[in-house]
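Have a look at the structure below before the remarks.
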Amino acid sequence: RILWDTGHLAYVHKLVTGRRAEFDTLRKAGGLSGYPSRNESEHDWIENSHASTVLSYAHGLAMAEDLRLDEASRHGGGSSAGRRREVVAVIGDGALTGGMAYEALNNLGHSGRKAIVILNDNGRSYAPTVGRLTASVSRIRLDPRYLRQRRKAEEIVRQVPKVGQHLAWGLSGARAGLREMLEPPIFFETLGVRYSGPFDGHDVELLEEALRNAAEFDGPVVVHVLTTKGKGYPPAEQDEEKCLHDAPQFNPEIGPQPAGPGKPSYTVAFTEAIIKEAEARPEIVAITAAMPGSTGLLPFQERFPDRFVDVGIAEQHAVTAAAGMAMGGLRPVVALYSTFLTRAFDQSNLDVGLHELPVVYALDRAGVTGPDGASHHGVLDMVLLSKVPGMTIFAPSSYQELQVMLHDALDLCDGPAAIRWPRTAARVVDESEVGHGLSARKGRHGDHICLIGVGKMFGTCLEAADLLAADGIEATVWDPRVAKPLDPAMLDDAARFDQVVTVEDGLREGGIGSNIALELASRARPDGSGPRVTV
């Protein structure tokens, strides 16, 4: 079983597991997923985009394999039933910035279960410290011939009458002393996981030998390989930021070309806004989890390097560190993808919300994200954050609204606040179409039906109102702007309608529309009637 820590590692895996002919449909509607997909292939075990999780999967599968073999042995199973199926986990050095990876390593080492961990170290984030360890010494230590000879020597000295065990202890101490002369203590082996490497990951023969040796070891082992992201493809090697990590479609002979003028994005609006706010507020700091470019913080990092923190793939740490910063008088802005915020919900709820701390969450890629796939859809943030005590949730419907909302989140909120925006292009509007503060804004007046569109869905509701008007149905359209707390003026106005429709890019149950329905139910008319709400 080959387990990939993040789906970005698995494109060649798709090619060699029966999907080469369909590869040009990658990330297209009806085509191959951009990540491993259990619906596509029996070889895809983990359907993920989140990093630092694979070693936990490996620990679980290794335990399942051990128990299966034990059961087969008890019932006298044949040779095929008693054959071990290897568990191989591939993880990048960047993923080792996530604490979950260390929790799994600790358990793997403690259990001693057999699993092969390939550490693909391309230097893009964090590389384990191995000090003066050389590849030749490491290969000898993992070579099964060396291990067999070491065990044989220990057995021989133990058989010496009266003093055998003492000699064995002495041999073990001498070996440890030799290791201290040749190499520093190795992090992985401190946890009980054998270490091998580093190897040149582009030397195929050397890597095959290392993997064969790893397969001989009966326990958890790390094979550390050094690679170059995009090696052999000049456009990737020359891309200093991402090595074409997530480049759009392009001509492979010449690489991607500069993009022409496109529609403005919410991310660019956030970049401009946070730099403007930071110029006026020296207490603002920006935090991200290994995604400074994707969240629009590279210009902030360049302008305010001492006020920028990249914690690596460690969202939980990012949020609680932000709580500490807020306790110390700073105004932290935590920029994450919506889908990755869910990893730090406990910290958002208890470390930030319970302490009523003014941490601002800047949530990119909120809602359905299209070709990024199921594991990237940010459909939980409003459901979860609306349950955090004291949380204010802003949902901009335009480029200009996002910039106003960042200012208001910093200026008006004494507790936690979140601003969530989609991957899609941002609407650009006139100043008269921009709201302020915590108030909702009515974008259109009508007397037949009320439409309430949260965030980007406000624009969709305006389009729907035009279609209804063509049929003689005049709609009132509200932009809530703030999904929590809801504006009483908007709710009072909506309560006068017999039909109210709420639209949001998230989950219906527990979402903002459900909260609107509850609020309108409490505004029943004297005769007991009220609006019928469709969420």
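Chain labels follow the order of the structure tokens: the first chain is A, the next B, and so on; residue numbering restarts at 1 in every chain, and ligands are counted from 1 in their shown order.
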Taking the backbone alone, and naming residues the way the document does, which bits of segment 326-417 of chain A are helix (DSSP H, G or I) by DSSP, as a ChimeraX atom specification? /A:326-327,338-353,370-372,374-376,381-385,399-412
If we count only C-alpha atoms, what is near His13 of chain A at a cut-off of 12 Å, once residues fewer than 3 positions away on the same chain are taken out, given as a ChimeraX atom specification? /A:2-4,7-10,16-20,23,34-37,41,43-45,90
If we count only C-alpha atoms and set the cut-off at 8 Å, which residues sit around Met100 of chain A, ignoring sequence neighbours fewer than 2 positions away in its own chain? Please answer as a VMD selection string. chain A and resid 52 to 53 56 98 102 to 104
What does the file look like for those residues with N, CA, C and O atoms, as a PDB file, in the first residue's frame?
```pdb
ATOM      1  N   SER A  52       0.644  16.193   6.549  1.00  0.00           N
ATOM      2  CA  SER A  52       1.076  15.745   7.876  1.00  0.00           C
ATOM      3  C   SER A  52       0.236  14.608   8.440  1.00  0.00           C
ATOM      4  O   SER A  52       0.376  14.259   9.609  1.00  0.00           O
ATOM      5  N   THR A  53      -0.618  13.988   7.637  1.00  0.00           N
ATOM      6  CA  THR A  53      -1.518  12.955   8.147  1.00  0.00           C
ATOM      7  C   THR A  53      -1.079  11.534   7.814  1.00  0.00           C
ATOM      8  O   THR A  53      -1.535  10.585   8.437  1.00  0.00           O
ATOM      9  N   SER A  56       0.037   8.737  10.388  1.00  0.00           N
ATOM     10  CA  SER A  56      -1.032   8.179  11.209  1.00  0.00           C
ATOM     11  C   SER A  56      -1.785   7.092  10.448  1.00  0.00           C
ATOM     12  O   SER A  56      -2.123   6.036  11.005  1.00  0.00           O
ATOM     13  N   GLY A  98       4.169  19.929  10.558  1.00  0.00           N
ATOM     14  CA  GLY A  98       2.876  19.680  11.194  1.00  0.00           C
ATOM     15  C   GLY A  98       3.024  18.728  12.366  1.00  0.00           C
ATOM     16  O   GLY A  98       3.626  17.657  12.249  1.00  0.00           O
ATOM     17  N   TYR A 102       4.577  14.162  14.018  1.00  0.00           N
ATOM     18  CA  TYR A 102       5.411  13.742  15.145  1.00  0.00           C
ATOM     19  C   TYR A 102       4.640  12.863  16.115  1.00  0.00           C
ATOM     20  O   TYR A 102       5.195  11.949  16.730  1.00  0.00           O
ATOM     21  N   GLU A 103       3.353  13.131  16.265  1.00  0.00           N
ATOM     22  CA  GLU A 103       2.535  12.260  17.097  1.00  0.00           C
ATOM     23  C   GLU A 103       2.541  10.843  16.528  1.00  0.00           C
ATOM     24  O   GLU A 103       2.640   9.851  17.269  1.00  0.00           O
ATOM     25  N   ALA A 104       2.422  10.734  15.198  1.00  0.00           N
ATOM     26  CA  ALA A 104       2.421   9.417  14.561  1.00  0.00           C
ATOM     27  C   ALA A 104       3.791   8.755  14.648  1.00  0.00           C
ATOM     28  O   ALA A 104       3.893   7.541  14.893  1.00  0.00           O
TER      29      ALA A 104
END
```
Using only C-alpha atoms, which protein or nucleic acid residues come within 6 Å of Gly219 of chain A? Drop anything in the same chain fewer than 3 positions from it, and give the result as an NGL selection string. :A and (112-114)
Distance criterion (only C-alpha atoms): nearest to Arg343 of chain A out of A:Glu463, A:Asp381, A:Asp364, A:Asp372: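 Under the stated criterion, the closest residue is A:Asp381.
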Looking at only C-alpha atoms, which of A:Gln316, A:Asn106, A:Thr267, A:Thr190 is the one that sits closest to Ser294 of chain A? A:Thr267
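In terms of minimum interatomic distance to Gln499 of chain A, A:Cys450 ranks closest within A:Ile473, A:Cys450, A:Val87, A:Leu518, counting only C-alpha atoms.
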Distance of atom CA of Ala425 of chain A from atom CA of Gly373 of chain A, expressed in Å to one decimal place: 18.2 Å
So which one's closest to His355 of chain A, A:Gly443, A:Gly415, A:Ser338, A:Gln301? Using only C-alpha atoms, please.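 Under the stated criterion, the closest residue is A:Gly415.
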One decimal, Å: what's the distance from atom CA of Asp203 of chain A over to atom CA of Leu119 of chain A, could you say? 15.1 Å
Nearest candidate to Pro264 of chain A (options A:Arg427, A:Arg85, A:Arg481, A:Lys242; using only C-alpha atoms):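 When distances to Pro264 of chain A are compared using only C-alpha atoms, the smallest one comes from A:Arg427.
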DSSP says strand (DSSP E or B) for which residues of segment 249-307 of chain A? Put them as an MDAnalysis selection string? chainID A and resid 251 255 265 284:288
Do a neighbour search on Met291 of chain A at 10 Å with only C-alpha atoms, toss out local chain neighbours closer than 3 positions, and write the hits as a PyMOL selection string. chain A and resi 287-288+294-298+310-313+335-337
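Taking atom CA of Ile275 of chain A and atom CA of Tyr361 of chain A as the two end points, the separation is 15.6 Å.
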Counting only C-alpha atoms, the residue of A:Val285, A:Val334, A:Ala362, A:Ala290 that sits nearest Pro305 of chain A: A:Val285
